[in-house]
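Here the structure is laid out as structure tokens; the discussion comes afterwards.
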Amino acid sequence: MDPAQAGPAQENYLRALDCAIECTTANGELADAIQAAEDVLAIEPFRETTYQRLMRAHAARGNRAEALRTYQRCRRVLADELGVHPSPATEAVYAEIVRA
């Protein structure tokens, strides 16, 4: 789907991807969850809940370094584009991964 396209079709597509992330993560299909999360971020790069899910999927897959890189990517995108910091929920996921 074209990232510039807006409207109900895009919202439905994003909801479907969100469902796919949740389902594939729950089923242990982490590579599929990661791909779906990346697909969402290609369309909506400011969606923190997707970064959180992506961080958790990488961590569950045993790739802690990639989970931490995902946090850095989120932080950089939010700071560079919006001038804001990640939400407390995103910070909590990051801290959870750092402590693991």
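Just so we're on the same page: first chain in the structure tokens is A, next is B, and so on; residues restart at 1 for each chain, and ligands are numbered from 1 in the order they show up.
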
Skipping near chain neighbours, those fewer than 3 positions away, what residues fall within 12 Å of range 57-74 of chain A using only C-alpha atoms, listed as a count of residues only? 52

Within chain A, find each residue whose DSSP state, derived from the backbone, is helix (DSSP H, G or I), and express the selection as a VMD selection string. chain A and resid 8 to 26 30 to 43 48 to 60 64 to 82 88 to 99

Separation of CA of Arg76 in chain A from CA of Ala20 in chain A in Å: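 Interatomic distance, CA of Ala20 in chain A to CA of Arg76 in chain A: 25.9 Å.
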